[in-house]
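A.B. asks: Got a file for you: data25.pdb, PDB, C-alpha atoms.
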```pdb
ATOM      1  CA  MET A   1    -169.121  22.969 -12.048  1.00  0.00           C
ATOM      2  CA  ARG A   2    -172.324  22.320 -10.088  1.00  0.00           C
ATOM      3  CA  PRO A   3    -173.757  25.293  -8.185  1.00  0.00           C
ATOM      4  CA  ILE A   4    -173.501  25.026  -4.403  1.00  0.00           C
ATOM      5  CA  ASN A   5    -176.402  26.018  -2.182  1.00  0.00           C
ATOM      6  CA  GLU A   6    -174.745  26.138   1.225  1.00  0.00           C
ATOM      7  CA  LYS A   7    -178.022  26.385   3.124  1.00  0.00           C
ATOM      8  CA  LEU A   8    -179.435  23.325   1.365  1.00  0.00           C
ATOM      9  CA  ARG A   9    -176.214  21.453   1.984  1.00  0.00           C
ATOM     10  CA  ALA A  10    -176.348  22.305   5.694  1.00  0.00           C
ATOM     11  CA  ASP A  11    -180.019  21.330   5.836  1.00  0.00           C
ATOM     12  CA  LEU A  12    -179.232  17.986   4.194  1.00  0.00           C
ATOM     13  CA  LEU A  13    -176.533  17.282   6.771  1.00  0.00           C
ATOM     14  CA  GLU A  14    -178.884  18.134   9.621  1.00  0.00           C
ATOM     15  CA  ALA A  15    -181.690  16.028   8.166  1.00  0.00           C
ATOM     16  CA  GLY A  16    -179.284  13.168   7.511  1.00  0.00           C
ATOM     17  CA  LYS A  17    -178.010  13.330  11.063  1.00  0.00           C
ATOM     18  CA  ARG A  18    -181.575  13.143  12.407  1.00  0.00           C
ATOM     19  CA  GLU A  19    -182.395  10.177  10.178  1.00  0.00           C
ATOM     20  CA  PHE A  20    -179.222   8.238  11.054  1.00  0.00           C
ATOM     21  CA  LEU A  21    -179.682   8.855  14.770  1.00  0.00           C
ATOM     22  CA  ALA A  22    -183.342   7.856  14.645  1.00  0.00           C
ATOM     23  CA  VAL A  23    -183.087   4.580  12.716  1.00  0.00           C
ATOM     24  CA  GLY A  24    -179.386   3.819  12.219  1.00  0.00           C
ATOM     25  CA  TYR A  25    -177.359   3.833   9.026  1.00  0.00           C
ATOM     26  CA  GLN A  26    -178.696   0.578   7.608  1.00  0.00           C
ATOM     27  CA  ARG A  27    -182.353   1.569   7.872  1.00  0.00           C
ATOM     28  CA  ALA A  28    -181.833   5.200   6.944  1.00  0.00           C
ATOM     29  CA  SER A  29    -183.312   6.304   3.628  1.00  0.00           C
ATOM     30  CA  LEU A  30    -182.204   9.116   1.354  1.00  0.00           C
ATOM     31  CA  ARG A  31    -185.824   9.358   0.270  1.00  0.00           C
ATOM     32  CA  ASN A  32    -186.897  10.037   3.859  1.00  0.00           C
ATOM     33  CA  ILE A  33    -184.113  12.588   4.294  1.00  0.00           C
ATOM     34  CA  ALA A  34    -185.156  14.407   1.140  1.00  0.00           C
ATOM     35  CA  ALA A  35    -188.852  14.253   2.015  1.00  0.00           C
ATOM     36  CA  SER A  36    -188.211  15.788   5.428  1.00  0.00           C
ATOM     37  CA  LEU A  37    -186.907  18.877   3.627  1.00  0.00           C
ATOM     38  CA  GLY A  38    -189.487  18.906   0.851  1.00  0.00           C
ATOM     39  CA  VAL A  39    -186.910  18.207  -1.862  1.00  0.00           C
ATOM     40  CA  THR A  40    -186.228  15.297  -4.200  1.00  0.00           C
ATOM     41  CA  THR A  41    -183.464  12.728  -3.748  1.00  0.00           C
ATOM     42  CA  GLY A  42    -181.842  14.370  -6.747  1.00  0.00           C
ATOM     43  CA  ALA A  43    -181.071  17.336  -4.514  1.00  0.00           C
ATOM     44  CA  ILE A  44    -179.033  15.036  -2.270  1.00  0.00           C
ATOM     45  CA  TYR A  45    -177.140  13.543  -5.207  1.00  0.00           C
ATOM     46  CA  ARG A  46    -175.984  17.026  -6.194  1.00  0.00           C
ATOM     47  CA  TYR A  47    -173.821  16.960  -3.057  1.00  0.00           C
ATOM     48  CA  TYR A  48    -173.415  13.328  -1.979  1.00  0.00           C
ATOM     49  CA  SER A  49    -172.981  10.319  -4.224  1.00  0.00           C
ATOM     50  CA  ASP A  50    -174.777   7.986  -1.826  1.00  0.00           C
ATOM     51  CA  LYS A  51    -175.861   7.432   1.769  1.00  0.00           C
ATOM     52  CA  GLU A  52    -172.339   6.459   2.800  1.00  0.00           C
ATOM     53  CA  ALA A  53    -170.899   9.744   1.530  1.00  0.00           C
ATOM     54  CA  LEU A  54    -173.460  11.677   3.563  1.00  0.00           C
ATOM     55  CA  PHE A  55    -172.604   9.709   6.706  1.00  0.00           C
ATOM     56  CA  ASP A  56    -168.883  10.249   6.057  1.00  0.00           C
ATOM     57  CA  GLU A  57    -169.388  13.992   5.821  1.00  0.00           C
ATOM     58  CA  LEU A  58    -170.956  13.976   9.282  1.00  0.00           C
ATOM     59  CA  VAL A  59    -168.262  11.983  11.083  1.00  0.00           C
ATOM     60  CA  GLU A  60    -165.041  11.624   9.100  1.00  0.00           C
ATOM     61  CA  LYS A  61    -163.098  14.710  10.216  1.00  0.00           C
ATOM     62  CA  PRO A  62    -163.547  14.440  14.027  1.00  0.00           C
ATOM     63  CA  ALA A  63    -163.167  10.647  13.907  1.00  0.00           C
ATOM     64  CA  LYS A  64    -159.869  10.844  12.022  1.00  0.00           C
ATOM     65  CA  GLU A  65    -158.562  13.638  14.244  1.00  0.00           C
ATOM     66  CA  LEU A  66    -159.139  11.575  17.381  1.00  0.00           C
ATOM     67  CA  LEU A  67    -157.524   8.458  15.920  1.00  0.00           C
ATOM     68  CA  ASP A  68    -154.510  10.342  14.592  1.00  0.00           C
ATOM     69  CA  ARG A  69    -153.907  12.131  17.872  1.00  0.00           C
ATOM     70  CA  TYR A  70    -154.275   8.963  19.939  1.00  0.00           C
ATOM     71  CA  ARG A  71    -151.790   7.144  17.705  1.00  0.00           C
ATOM     72  CA  ALA A  72    -149.359  10.055  18.029  1.00  0.00           C
ATOM     73  CA  VAL A  73    -149.649  10.118  21.827  1.00  0.00           C
ATOM     74  CA  GLN A  74    -148.985   6.397  22.064  1.00  0.00           C
ATOM     75  CA  GLN A  75    -146.052   6.690  19.679  1.00  0.00           C
ATOM     76  CA  MET A  76    -144.506   9.478  21.771  1.00  0.00           C
ATOM     77  CA  PHE A  77    -144.880   7.290  24.843  1.00  0.00           C
ATOM     78  CA  ALA A  78    -143.301   4.304  23.047  1.00  0.00           C
ATOM     79  CA  ASP A  79    -140.316   6.445  22.040  1.00  0.00           C
ATOM     80  CA  GLN A  80    -139.448   7.266  25.667  1.00  0.00           C
ATOM     81  CA  PRO A  81    -136.778   5.295  27.565  1.00  0.00           C
ATOM     82  CA  LEU A  82    -138.315   2.474  29.575  1.00  0.00           C
ATOM     83  CA  GLU A  83    -137.583   4.100  32.934  1.00  0.00           C
ATOM     84  CA  GLU A  84    -139.495   7.199  31.834  1.00  0.00           C
ATOM     85  CA  GLN A  85    -142.352   5.062  30.527  1.00  0.00           C
ATOM     86  CA  VAL A  86    -142.753   3.309  33.857  1.00  0.00           C
ATOM     87  CA  SER A  87    -142.505   6.529  35.860  1.00  0.00           C
ATOM     88  CA  ASN A  88    -144.907   8.342  33.499  1.00  0.00           C
ATOM     89  CA  LEU A  89    -147.677   5.765  33.553  1.00  0.00           C
ATOM     90  CA  PRO A  90    -150.477   5.800  32.542  1.00  0.00           C
ATOM     91  CA  GLU A  91    -149.478   6.025  28.881  1.00  0.00           C
ATOM     92  CA  VAL A  92    -151.957   8.808  28.125  1.00  0.00           C
ATOM     93  CA  PRO A  93    -151.283  11.866  30.307  1.00  0.00           C
ATOM     94  CA  GLU A  94    -154.156  13.697  31.939  1.00  0.00           C
ATOM     95  CA  SER A  95    -153.834  16.603  29.508  1.00  0.00           C
ATOM     96  CA  GLU A  96    -154.428  14.260  26.582  1.00  0.00           C
ATOM     97  CA  THR A  97    -157.349  12.566  28.308  1.00  0.00           C
ATOM     98  CA  SER A  98    -158.870  16.023  28.776  1.00  0.00           C
ATOM     99  CA  TRP A  99    -158.268  16.830  25.106  1.00  0.00           C
ATOM    100  CA  MET A 100    -159.941  13.585  24.035  1.00  0.00           C
ATOM    101  CA  PHE A 101    -162.935  14.258  26.228  1.00  0.00           C
ATOM    102  CA  ASP A 102    -163.299  17.833  24.973  1.00  0.00           C
ATOM    103  CA  HIS A 103    -162.914  16.719  21.363  1.00  0.00           C
ATOM    104  CA  ILE A 104    -165.620  14.089  21.776  1.00  0.00           C
ATOM    105  CA  TYR A 105    -168.023  16.523  23.425  1.00  0.00           C
ATOM    106  CA  ASP A 106    -167.204  19.352  21.008  1.00  0.00           C
ATOM    107  CA  ASN A 107    -168.198  16.922  18.225  1.00  0.00           C
ATOM    108  CA  PHE A 108    -170.849  15.097  20.204  1.00  0.00           C
ATOM    109  CA  ASP A 109    -173.255  14.362  17.363  1.00  0.00           C
ATOM    110  CA  ALA A 110    -170.515  12.864  15.199  1.00  0.00           C
ATOM    111  CA  PHE A 111    -169.423  10.500  17.955  1.00  0.00           C
ATOM    112  CA  LYS A 112    -173.037   9.701  18.820  1.00  0.00           C
ATOM    113  CA  LEU A 113    -173.481   8.599  15.211  1.00  0.00           C
ATOM    114  CA  ILE A 114    -170.332   6.482  15.373  1.00  0.00           C
ATOM    115  CA  THR A 115    -171.260   4.940  18.706  1.00  0.00           C
ATOM    116  CA  CYS A 116    -174.954   4.286  18.110  1.00  0.00           C
ATOM    117  CA  SER A 117    -175.726   4.386  14.379  1.00  0.00           C
ATOM    118  CA  ALA A 118    -172.665   3.194  12.439  1.00  0.00           C
ATOM    119  CA  ALA A 119    -173.519  -0.498  11.871  1.00  0.00           C
ATOM    120  CA  GLY A 120    -172.974  -1.165   8.177  1.00  0.00           C
ATOM    121  CA  THR A 121    -170.392   1.608   7.743  1.00  0.00           C
ATOM    122  CA  LYS A 122    -166.602   1.637   7.930  1.00  0.00           C
ATOM    123  CA  TYR A 123    -166.971   3.218  11.367  1.00  0.00           C
ATOM    124  CA  GLU A 124    -168.778   0.186  12.782  1.00  0.00           C
ATOM    125  CA  HIS A 125    -165.592  -0.979  14.521  1.00  0.00           C
ATOM    126  CA  TYR A 126    -164.220   2.455  15.383  1.00  0.00           C
ATOM    127  CA  LEU A 127    -163.984   1.716  19.114  1.00  0.00           C
ATOM    128  CA  ASP A 128    -162.189  -1.528  18.284  1.00  0.00           C
ATOM    129  CA  THR A 129    -159.628   0.488  16.320  1.00  0.00           C
ATOM    130  CA  LEU A 130    -158.989   2.730  19.323  1.00  0.00           C
ATOM    131  CA  ALA A 131    -158.734  -0.349  21.544  1.00  0.00           C
ATOM    132  CA  GLU A 132    -156.246  -1.921  19.117  1.00  0.00           C
ATOM    133  CA  ILE A 133    -153.964   1.116  19.432  1.00  0.00           C
ATOM    134  CA  GLU A 134    -154.146   0.722  23.205  1.00  0.00           C
ATOM    135  CA  ASP A 135    -153.567  -3.045  22.880  1.00  0.00           C
ATOM    136  CA  ASN A 136    -150.385  -2.538  20.910  1.00  0.00           C
ATOM    137  CA  ALA A 137    -149.032   0.102  23.289  1.00  0.00           C
ATOM    138  CA  SER A 138    -149.720  -2.037  26.363  1.00  0.00           C
ATOM    139  CA  ARG A 139    -148.237  -5.145  24.768  1.00  0.00           C
ATOM    140  CA  LEU A 140    -145.076  -3.287  23.771  1.00  0.00           C
ATOM    141  CA  LEU A 141    -144.624  -1.883  27.280  1.00  0.00           C
ATOM    142  CA  ILE A 142    -145.045  -5.321  28.872  1.00  0.00           C
ATOM    143  CA  GLU A 143    -142.528  -6.811  26.435  1.00  0.00           C
ATOM    144  CA  ARG A 144    -139.988  -4.084  27.232  1.00  0.00           C
ATOM    145  CA  MET A 145    -140.487  -4.451  30.977  1.00  0.00           C
ATOM    146  CA  THR A 146    -140.086  -8.226  30.757  1.00  0.00           C
ATOM    147  CA  LYS A 147    -136.865  -7.944  28.737  1.00  0.00           C
ATOM    148  CA  ALA A 148    -135.535  -5.408  31.244  1.00  0.00           C
ATOM    149  CA  GLY A 149    -135.974  -7.886  34.075  1.00  0.00           C
ATOM    150  CA  TYR A 150    -139.196  -6.682  35.691  1.00  0.00           C
ATOM    151  CA  SER A 151    -141.003  -9.508  37.453  1.00  0.00           C
ATOM    152  CA  LEU A 152    -144.482  -9.399  35.954  1.00  0.00           C
ATOM    153  CA  PRO A 153    -147.454 -11.729  36.281  1.00  0.00           C
ATOM    154  CA  GLN A 154    -148.735 -13.505  33.182  1.00  0.00           C
ATOM    155  CA  ILE A 155    -150.726 -10.964  31.168  1.00  0.00           C
ATOM    156  CA  ASP A 156    -151.830 -12.442  27.862  1.00  0.00           C
ATOM    157  CA  ASP A 157    -153.215 -10.772  24.755  1.00  0.00           C
ATOM    158  CA  ALA A 158    -156.805 -11.623  25.624  1.00  0.00           C
ATOM    159  CA  LEU A 159    -156.599  -9.821  28.971  1.00  0.00           C
ATOM    160  CA  ILE A 160    -154.913  -6.820  27.364  1.00  0.00           C
ATOM    161  CA  HIS A 161    -157.716  -6.589  24.807  1.00  0.00           C
ATOM    162  CA  ILE A 162    -160.418  -6.910  27.464  1.00  0.00           C
ATOM    163  CA  MET A 163    -158.843  -4.044  29.403  1.00  0.00           C
ATOM    164  CA  SER A 164    -158.527  -1.846  26.301  1.00  0.00           C
ATOM    165  CA  SER A 165    -162.074  -2.540  25.146  1.00  0.00           C
ATOM    166  CA  ALA A 166    -163.428  -1.841  28.614  1.00  0.00           C
ATOM    167  CA  LEU A 167    -161.653   1.526  28.643  1.00  0.00           C
ATOM    168  CA  PHE A 168    -163.083   2.808  25.375  1.00  0.00           C
ATOM    169  CA  ASN A 169    -166.535   1.314  25.765  1.00  0.00           C
ATOM    170  CA  GLY A 170    -166.642   2.940  29.194  1.00  0.00           C
ATOM    171  CA  MET A 171    -165.606   6.312  27.783  1.00  0.00           C
ATOM    172  CA  PHE A 172    -168.250   6.249  25.079  1.00  0.00           C
ATOM    173  CA  GLU A 173    -171.018   5.146  27.428  1.00  0.00           C
ATOM    174  CA  THR A 174    -171.310   8.841  28.278  1.00  0.00           C
ATOM    175  CA  VAL A 175    -172.114   9.505  24.612  1.00  0.00           C
ATOM    176  CA  ARG A 176    -174.506   6.574  24.245  1.00  0.00           C
ATOM    177  CA  HIS A 177    -176.553   7.861  27.167  1.00  0.00           C
ATOM    178  CA  ASP A 178    -176.427  11.572  26.265  1.00  0.00           C
ATOM    179  CA  MET A 179    -174.757  12.391  29.544  1.00  0.00           C
ATOM    180  CA  PRO A 180    -174.336  16.114  30.260  1.00  0.00           C
ATOM    181  CA  ARG A 181    -170.797  17.343  29.690  1.00  0.00           C
ATOM    182  CA  ASP A 182    -170.012  18.332  33.284  1.00  0.00           C
ATOM    183  CA  LYS A 183    -171.258  15.045  34.696  1.00  0.00           C
ATOM    184  CA  ALA A 184    -169.499  13.022  32.020  1.00  0.00           C
ATOM    185  CA  LYS A 185    -166.173  14.768  32.654  1.00  0.00           C
ATOM    186  CA  GLY A 186    -166.179  13.594  36.271  1.00  0.00           C
ATOM    187  CA  TYR A 187    -167.029  10.054  35.209  1.00  0.00           C
ATOM    188  CA  ILE A 188    -164.227   9.983  32.642  1.00  0.00           C
ATOM    189  CA  GLN A 189    -161.727  11.122  35.268  1.00  0.00           C
ATOM    190  CA  SER A 190    -162.949   8.398  37.632  1.00  0.00           C
ATOM    191  CA  LEU A 191    -162.692   5.846  34.822  1.00  0.00           C
ATOM    192  CA  ARG A 192    -159.109   6.943  34.097  1.00  0.00           C
ATOM    193  CA  ASP A 193    -158.190   6.636  37.780  1.00  0.00           C
ATOM    194  CA  PHE A 194    -159.823   3.204  37.993  1.00  0.00           C
ATOM    195  CA  TYR A 195    -158.173   1.983  34.798  1.00  0.00           C
ATOM    196  CA  SER A 196    -154.736   3.272  35.832  1.00  0.00           C
ATOM    197  CA  ALA A 197    -154.967   1.710  39.286  1.00  0.00           C
ATOM    198  CA  GLY A 198    -155.903  -1.598  37.687  1.00  0.00           C
ATOM    199  CA  TRP A 199    -152.831  -1.576  35.480  1.00  0.00           C
ATOM    200  CA  PHE A 200    -150.573  -0.597  38.387  1.00  0.00           C
ATOM    201  CA  LYS A 201    -151.962  -3.567  40.301  1.00  0.00           C
ATOM    202  CA  LEU A 202    -151.507  -5.974  37.398  1.00  0.00           C
ATOM    203  CA  LEU A 203    -147.950  -4.774  36.728  1.00  0.00           C
ATOM    204  CA  GLY A 204    -147.040  -4.800  40.410  1.00  0.00           C
ATOM    205  CA  ILE A 205    -145.830  -1.193  40.479  1.00  0.00           C
ATOM    206  CA  SER A 206    -146.813   1.852  42.504  1.00  0.00           C
ATOM    207  CA  GLY A 207    -148.888   4.607  40.965  1.00  0.00           C
ATOM    208  CA  ASN A 208    -147.805   8.240  41.030  1.00  0.00           C
TER     209      ASN A 208
END
```
Please, can you express the file's structure as structure tokens?
C.D. replies:
Amino acid sequence: MRPINEKLRADLLEAGKREFLAVGYQRASLRNIAASLGVTTGAIYRYYSDKEALFDELVEKPAKELLDRYRAVQQMFADQPLEEQVSNLPEVPESETSWMFDHIYDNFDAFKLITCSAAGTKYEHYLDTLAEIEDNASRLLIERMTKAGYSLPQIDDALIHIMSSALFNGMFETVRHDMPRDKAKGYIQSLRDFYSAGWFKLLGISGN
């Protein structure tokens, strides 16, 4: 079993984070990361098999937690009777929006890496994955409302995807621009209100 130097491991993560944020994943170099700490690349390989494994260590846990929770919230909404779904719109309650915001800001560096430095990694399309969850939930609700006899305007898949993408790209703009937490929280609430009002208008129903 290889000995573990926890301080070196923490230093490697910090140096890796700086390198990825500075030049992006594709241009990042394990040699540069090692040199910044005065160690050889062999020291990195004691803990991480490659550059991808180091990036994963920095972002995987908070990224997965956000995805899993968002899927669960949308599934709980989908399991409600239609009348409750319509009366409880938007699909994501304010408490969950607050949790998402706090989770992102509690793990700010991880989501900064995902948002700004993940090209070339499996996280490159992370926001698209979140948008796809939203797409599916919105599409299912519209289908249920249509079958139940609601008179809805034509809302096709392309429009649904545009709306979902706009939501998540808007949310993560606060991260891209290093917005202070307090200021960002107000913007996210305004974005939620704007997004919800837009859906109420498109669906032809009154907001709560």
A.B. asks: On this file, the PyMOL selection byres ((chain A and resi 152) around 8) gives some set of residues; write that set as a list of chain:residue names.
C.D. replies: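 Listing what the PyMOL selection byres ((chain A and resi 152) around 8) selects in the shown file: A:Thr146, A:Tyr150, A:Ser151, A:Pro153, A:Gln154, A:Leu202, A:Leu203, A:Gly204.
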A.B. asks: Output the selection as an mmCIF file, in the frame of the given file - C-alpha atoms for each residue.
C.D. replies:
```
data_model
loop_
_atom_site.group_PDB
_atom_site.id
_atom_site.type_symbol
_atom_site.label_atom_id
_atom_site.label_comp_id
_atom_site.auth_asym_id
_atom_site.auth_seq_id
_atom_site.Cartn_x
_atom_site.Cartn_y
_atom_site.Cartn_z
ATOM 1 C CA THR A 146 -140.086 -8.226 30.757
ATOM 2 C CA TYR A 150 -139.196 -6.682 35.691
ATOM 3 C CA SER A 151 -141.003 -9.508 37.453
ATOM 4 C CA PRO A 153 -147.454 -11.729 36.281
ATOM 5 C CA GLN A 154 -148.735 -13.505 33.182
ATOM 6 C CA LEU A 202 -151.507 -5.974 37.398
ATOM 7 C CA LEU A 203 -147.950 -4.774 36.728
ATOM 8 C CA GLY A 204 -147.040 -4.800 40.410
#
```
A.B. asks: Let me make sure I understand: among A:Leu37, A:Leu113, A:Glu84, A:Arg69, which one has the smallest atom-to-atom distance to Glu96 of chain A if we use all atoms listed in the file?
C.D. replies: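 Checking each candidate against Glu96 of chain A, we get A:Arg69 as the closest.
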A.B. asks: Assuming the chain letters and numbering stay as they are in my file, what does the PyMOL selection byres ((chain A and resi 56) around 12) actually select? List them as a list in words.
C.D. replies: Leu13, Gly16, Lys17, Phe20, Tyr25, Tyr48, Ser49, Asp50, Lys51, Glu52, Ala53, Leu54, Phe55, Glu57, Leu58, Val59, Glu60, Lys61, Pro62, Ala63, Lys64, Ala110, Phe111, Leu113, Ile114, Ala118, Thr121, Lys122 and Tyr123 of chain A
A.B. asks: Tell me which of A:Ala131, A:Arg144, A:Val92, A:Ile155 sits closest to Gln75 of chain A, counting all atoms listed in the file.
C.D. replies: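 Of A:Ala131, A:Arg144, A:Val92, A:Ile155, the one nearest Gln75 of chain A is A:Val92, counting all atoms listed in the file.
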A.B. asks: Rounded to one decimal in Å, what is the spacing between atom CA of Arg9 of chain A and atom CA of Ser36 of chain A?
C.D. replies: 13.7 Å
A.B. asks: As lines of an AutoDock Vina configuration file, what would the box around segment 109-123 of chain A look like: edges along x, y and z, 3 Å added on every side, centre and edge lengths in Å to one decimal?
C.D. replies:
```
center_x = -171.2
center_y = 6.6
center_z = 13.3
size_x = 15.1
size_y = 21.5
size_z = 17.1
```
A.B. asks: From the list A:Met171, A:Lys201, A:Asp178, A:Asp156, which residue is nearest Ser98 of chain A when using all atoms listed in the file?
C.D. replies: A:Met171
A.B. asks: Need the shell around Val86 of chain A: protein/DNA/RNA residues with any atom at most 9 Å away, counting all atoms listed in the file. Skip same-chain ones fewer than 3 positions apart. Format as a list in words?
C.D. replies: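 The contact residues come out as Pro81, Leu82, Glu83, Leu89, Pro90, Glu91, Leu141, Met145 and Ile205 of chain A.
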A.B. asks: Give the answer as one residue: which of A:Asp182, A:Asp193, A:Asp79, A:Glu14 has the shortest atom-to-atom distance to Leu140 of chain A, using only C-alpha atoms?
C.D. replies: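 Selected residue with least distance to Leu140 of chain A: A:Asp79.
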A.B. asks: Could you state the separation of atom CA of Asp106 of chain A and atom CA of Phe172 of chain A in Å, given to one decimal place?
C.D. replies: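 For atom CA of Asp106 of chain A relative to atom CA of Phe172 of chain A, the distance reads 13.8 Å.
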A.B. asks: Counting only C-alpha atoms, figure out which residue out of A:Met179, A:Ile160, A:Ile188, A:Leu8 gets nearest to Trp99 of chain A.
C.D. replies: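 Of all the options, A:Ile188 lies closest to Trp99 of chain A.
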A.B. asks: Please indicate the distance in Å from atom CA of Ile44 of chain A to atom CA of Leu12 of chain A, rounded to one decimal place.
C.D. replies: 7.1 Å
A.B. asks: Would you pick out the contacts of Arg192 of chain A at 9 Å or less, using all atoms listed in the file, so that residues sharing its chain but fewer than 4 positions from it are not included, and give the list as a VMD selection string?
C.D. replies: chain A and resid 90 94 97 167 187 to 188 196 to 197
A.B. asks: Pick the closest to Ser29 of chain A from A:Ala15, A:Leu127, A:Val175, A:Ala10: which is it, counting only C-alpha atoms?
C.D. replies: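 Answer, going by the shortest atom-to-atom distance: A:Ala15.
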A.B. asks: Take the PyMOL selection byres ((chain A and resi 163) around 12), apply it to the structure above, and return the hits as a compact mmCIF listing (two decimals) with C-alpha atoms, in the coordinates of the input.
C.D. replies:
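Saved as result39.txt:
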```
# COMPACT_ATOMS: atom_id res chain seq x y z
CA ASP A 128 -162.19 -1.53 18.28
CA ALA A 131 -158.73 -0.35 21.54
CA GLU A 132 -156.25 -1.92 19.12
CA GLU A 134 -154.15 0.72 23.20
CA ASP A 135 -153.57 -3.04 22.88
CA SER A 138 -149.72 -2.04 26.36
CA ARG A 139 -148.24 -5.14 24.77
CA ILE A 155 -150.73 -10.96 31.17
CA ASP A 156 -151.83 -12.44 27.86
CA ASP A 157 -153.22 -10.77 24.76
CA ALA A 158 -156.80 -11.62 25.62
CA LEU A 159 -156.60 -9.82 28.97
CA ILE A 160 -154.91 -6.82 27.36
CA HIS A 161 -157.72 -6.59 24.81
CA ILE A 162 -160.42 -6.91 27.46
CA SER A 164 -158.53 -1.85 26.30
CA SER A 165 -162.07 -2.54 25.15
CA ALA A 166 -163.43 -1.84 28.61
CA LEU A 167 -161.65 1.53 28.64
CA PHE A 168 -163.08 2.81 25.38
CA ASN A 169 -166.54 1.31 25.76
CA GLY A 170 -166.64 2.94 29.19
CA LEU A 191 -162.69 5.85 34.82
CA ARG A 192 -159.11 6.94 34.10
CA PHE A 194 -159.82 3.20 37.99
CA TYR A 195 -158.17 1.98 34.80
CA SER A 196 -154.74 3.27 35.83
CA GLY A 198 -155.90 -1.60 37.69
CA TRP A 199 -152.83 -1.58 35.48
CA LEU A 202 -151.51 -5.97 37.40
```
